[in-house]
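Have a look at the structure below, then the notes.
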Amino acid sequence: MNRNISKLQRIDARDLNYRELNRLIKDAANEGIKNIHLTNVNGQRYIGTGVNNAPKININGVPGNDLGAFMDGCSINVSGNGEDGIGNTMNSGRIVINGSAGDILGYSMRGGEIFVKGNVGYRVGIHMKSYKNMYPVIIIGGCARDFLGEYMAGGLLIVLGLNRKSKNPIVGSYCGTGMHGGKIFIRGNVEPWQLGKEVRVYEPNKNKDDFSLIEKYLRQYCELFSLDFDSIIKTNFTKLLPGSSRPYGKLYAY
Amino acid sequence: MRHSEQEKLISGCSVAGIMNESGRKISGEAIIRSIAVMRERSNGLGGGFSAYGIYPKFKNYFAFHMMYDDKKAMADAEGYLKTNYRVVKSEEIPTIEDKSIKNRPLLWRYFVELKDKVKNLYYDLTEEDIVVNDVMKINAEIEGAFVTSSGKNMGIFKGIGYPEDIGRYYKLEEYRAYIWIAHGRFPTNSVGWWGGAHPFGLLNWSVVHNGEISSYGINKRYLENFGYRCSLFTDTEVILYLFDLLVRKHKLPFDIVCKIIDAPLWEEIDRNGDDEERELLKTLRIIYSSALINGPFSIIISDGNIMMGLNDRVKLRPLVSLKDGDTVYMATEECAIREVCKSKKEIYYSKSSEPIIGKLKN
C-alpha cells in the first residue's frame, strides 16, 4: 500500500504559470496522493489534464480555460466560477462547479459528469458523444445560453433553471441545433423559438426509462448541492431528441 | 511601415479594459497585470494599450503618437505635419532598454493644433475631419510612417511583443489614466507588425478586437465612400472607422450604432412584439446593411467618454465584465478581472450583441 494515499497536498498557485502548477499536480498524483488542494488559482489552464491515479482536486480561485480537458478519472471541485471550455473532450471523472461557468462547457465530452450549480454560457455540450459504456452527463442548476447541445451526438444534458428570474429564459435560442444523438431534459417548458430545427419535443414523465435516467444522476447532483430532489423532480420536464441521426446527410448531396 | 512575414496561426487574442466612471486616474500597473494573466492567449506578436487622461497639460492639443521606420520617414511625416499644424511640443516617446523587444521603430509624439490658414482653407470641414484626412494620408502615402493615435489627452502605446512586456517597455506604470484598454495579439489573418498591434486609434477612438471580420470587404468598400482608407493590413480598422462614421459624423447614439454593426438576426427582429422597435430595427438593417459586422468578435472600444465591450451576434468570442462602485472592468477571461479587482461581486456574463458600457460622469 502506498503510504501517501491518505495524505493531502496543498499547493499555493499564486503567480505560478499553468505549466508549473500542472507539473506540481501531476507529481503529487504520481506519488499516489489522493487529495490535492489548490489555493489562489487564477487563470491557470488545463488543470486535471494528463493527471494519473484519479485524485480529488479541490480548487479555490478561478481555474483557467479547458479545466479537465481530456481528463481521465479525476474528481475536480471548484469553489466558485469556472471559465470557458470546461471538460473539453473529457473521458471520465467528475467536475463540480459551485458557481457559474462560461462557454462551450463539455465540448466534445465523451464520459464522466459535469455538475454546475449556477448558470452556463453559450454552446454547452457542443458535440458531446457517447460510445458503448462511455456516457457523458451534464447537469446545469441555473440557465444555459444559446446553442445548448449544438451538434450533440450522445449523452445526457439536464437544465434545471433553479432560482430563475421570470424574464430569463431557461435556455437561449438555437437549442439542439444540429443535434443527432443523446437526450436533453429541460425543467419546465420551452418555446418553439428556443429550439434548433433538428430537435423534436417530447413529454418525458410518462416514460419510466426517462425518469429513472434523470433520477440516477439528479439524486447525486441534489446530494452534492444539498437540494431537495423531490421538489425539483415535481415540475414537468421537456425532453428534446434529435429528429434524425443524420440531419445534414443530404446537405452537400447535389 | 515594415511588415514581417507571418504564417497563419490559431486564434486566441486577449482584451481587457478598466475604466473609472468618476474620472479618477490610476497608473498603468493594473492593466499590465490584468492582461498579463492571459499571456497564453497571445503569442508575442503584438501587444498594446490605450490610455485616456494622460496628457492633462496638453489636453486641448491633438496628441499624435507616431511610428517611423527610419529618419527619412520621420522627416517626411514631420514635413507634412508642420504644413498643416502648429507643433507645440515634440518628443521621443520614453521607453526602457529591453532586448526582447525587437525591430523597434522610432517612436515619437507631437502635441499639435491646426493652423488657422488650414481651417480657413477647409472651412466646410470640422477640425476632426481634417485630422482624419491627414491620418489617412500619412498612413496610406508616407512610406514608413504610421500614426498610432491622434486624439486629445489620450495615447496608444503598442508594438510587437507580449502585452506586459510592451507595457513595461513604454513605462506605462508612470502614466495615470481613467480609462485603460489592453490587447494581447495572436495574429491570424494578417501579418504581425508594429503598427498592426492593437489598439487601433483615430481621433479619440481606440479599439481592441479579438476575432476576425468576415464582412471586411463589404465594410471597407462602404467606408471608402466616406473617405476612409483601409491601409493597415488588418480587419480591425473597419470597426474604428465605422464607429467614427456612425457616432461622430452621423451623430447616432451608441445603442443605435450597436443595433447597426451588431444587428439582431432577422428571426429575432420578426419575433419582436414592439411594432415601433421592430420597424426601427428593420430600417437600420436595410439602410446600414453595409455597416453590419459579421464574423466572430469581442471588442472593447472607447472615445474617452464611454468604454464599451461588445460581442458578435452569436457569441463566438468570450467577454466578461464586472462593475465595482464607479470602476468598470472588462476582459476576455474572469481571471484578468480578479487579478486586479478584489471585490467579491459576481462577474457579469453579457449576452451576444449586448453592449457593456462604462460612462464618464460629468
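Residues are referred to by chain and number: the chain letter is A, B, ... according to the order shown in the C-alpha cells, the number counts from 1 in that chain, and ligands are numbered separately from 1 in the order shown.
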Could you give me, as a Markdown table, a per-residue list for chain A showing, wherever an atom lies at most 8 Å from an atom of chain B, the closest pair of atoms and their distance in Å to one decimal, using only C-alpha atoms and sorting by chain then residue number from low to high?
```
| residue | atom | partner | partner_atom | distance |
| --- | --- | --- | --- | --- |
| A:Asn42 | CA | B:Cys335 | CA | 5.3 |
| A:Gly43 | CA | B:Cys335 | CA | 4.9 |
| A:Val62 | CA | B:Cys335 | CA | 6.1 |
| A:Pro63 | CA | B:Cys335 | CA | 7.9 |
| A:Gly64 | CA | B:Cys335 | CA | 7.2 |
| A:Glu83 | CA | B:Glu333 | CA | 6.9 |
| A:Gly102 | CA | B:Tyr349 | CA | 7.8 |
| A:Asp103 | CA | B:Pro318 | CA | 7.6 |
| A:Gly121 | CA | B:Tyr349 | CA | 7.6 |
| A:Tyr122 | CA | B:Lys315 | CA | 7.1 |
| A:Asp146 | CA | B:Val314 | CA | 7.9 |
```
What lies within 9 Å of Ser231 in chain B using only C-alpha atoms, ignoring chain neighbours under 3 positions off, as a list in words? Met136, Asn139, Ala140, Thr234 and Glu237 of chain B
Can you write out the residues you just picked, keeping C-alpha atoms, as a PDB file, in the first residue's frame?
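Just written: part25.pdb:
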```pdb
ATOM      1  CA  MET B 136      -5.455  58.598 -43.658  1.00  0.00           C
ATOM      2  CA  ASN B 139      -0.816  56.040 -43.190  1.00  0.00           C
ATOM      3  CA  ALA B 140      -1.532  55.403 -46.857  1.00  0.00           C
ATOM      4  CA  THR B 234      -5.971  44.333 -40.660  1.00  0.00           C
ATOM      5  CA  GLU B 237      -9.562  49.141 -38.579  1.00  0.00           C
TER       6      GLU B 237
END
```
So that I can check the surroundings of range 193-204 of chain A, please list as a ChimeraX atom specification every protein, DNA and RNA residue that reaches within 12 Å of it, counting only C-alpha atoms and ignoring chain neighbours fewer than 3 positions away. /A:144-152,169-190,207-214,233,235-248 /B:267-268,270-272
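Going from CA of Ile18 in chain B over to CA of Phe157 in chain B, you cover 15.9 Å.
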Considering only C-alpha atoms, return as a PyMOL selection string whatever protein or nucleic-acid residues lie within 12 Å of Gln220 in chain A, sequence-local ones (same chain, fewer than 6 positions apart) excluded. chain A and resi 94+96+113-115+137+139+213-214+226-229
12 Å contact set for Ile33 in chain A, only C-alpha atoms, chain neighbours under 6 positions out, as an MDAnalysis selection string: chainID A and resid 2:10 24:27 51:57 74
Write out as a ChimeraX atom specification all residues of range 112-348 of chain B that DSSP puts in alpha helix (DSSP H) for this structure's backbone. /B:116-121,127-141,163-169,216-224,237-243,254-261,266-271,275-287,334-338
Taking the chain letters and numbering used in this document, name the residues of range 59-127 of chain A that DSSP puts in strand (DSSP E), as a PyMOL selection string. chain A and resi 59-62+72-78+92-97+113-116
Put those residues in a file: C-alpha atoms, as an mmCIF file, in the first residue's frame.
```cif
data_model
loop_
_atom_site.group_PDB
_atom_site.id
_atom_site.type_symbol
_atom_site.label_atom_id
_atom_site.label_comp_id
_atom_site.auth_asym_id
_atom_site.auth_seq_id
_atom_site.Cartn_x
_atom_site.Cartn_y
_atom_site.Cartn_z
ATOM 1 C CA ILE A 59 -9.777 24.418 -6.450
ATOM 2 C CA ASN A 60 -10.050 27.785 -4.730
ATOM 3 C CA GLY A 61 -9.960 30.673 -7.156
ATOM 4 C CA VAL A 62 -10.763 30.865 -10.850
ATOM 5 C CA ASP A 72 -9.357 10.698 -17.090
ATOM 6 C CA GLY A 73 -10.906 9.894 -13.750
ATOM 7 C CA CYS A 74 -10.017 12.893 -11.552
ATOM 8 C CA SER A 75 -12.654 14.453 -9.379
ATOM 9 C CA ILE A 76 -12.472 18.229 -9.507
ATOM 10 C CA ASN A 77 -14.336 20.570 -7.206
ATOM 11 C CA VAL A 78 -14.293 24.310 -7.933
ATOM 12 C CA SER A 92 -14.120 10.149 -17.292
ATOM 13 C CA GLY A 93 -14.303 11.550 -13.777
ATOM 14 C CA ARG A 94 -16.316 14.408 -12.379
ATOM 15 C CA ILE A 95 -16.145 18.195 -12.397
ATOM 16 C CA VAL A 96 -18.264 20.132 -9.883
ATOM 17 C CA ILE A 97 -18.619 23.892 -10.263
ATOM 18 C CA GLU A 113 -20.063 14.094 -15.218
ATOM 19 C CA ILE A 114 -20.052 17.870 -15.045
ATOM 20 C CA PHE A 115 -22.337 19.345 -12.381
ATOM 21 C CA VAL A 116 -22.754 23.133 -12.338
#
```
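Here CA of Arg86 in chain B and CA of Arg104 in chain B stand 27.5 Å from one another.
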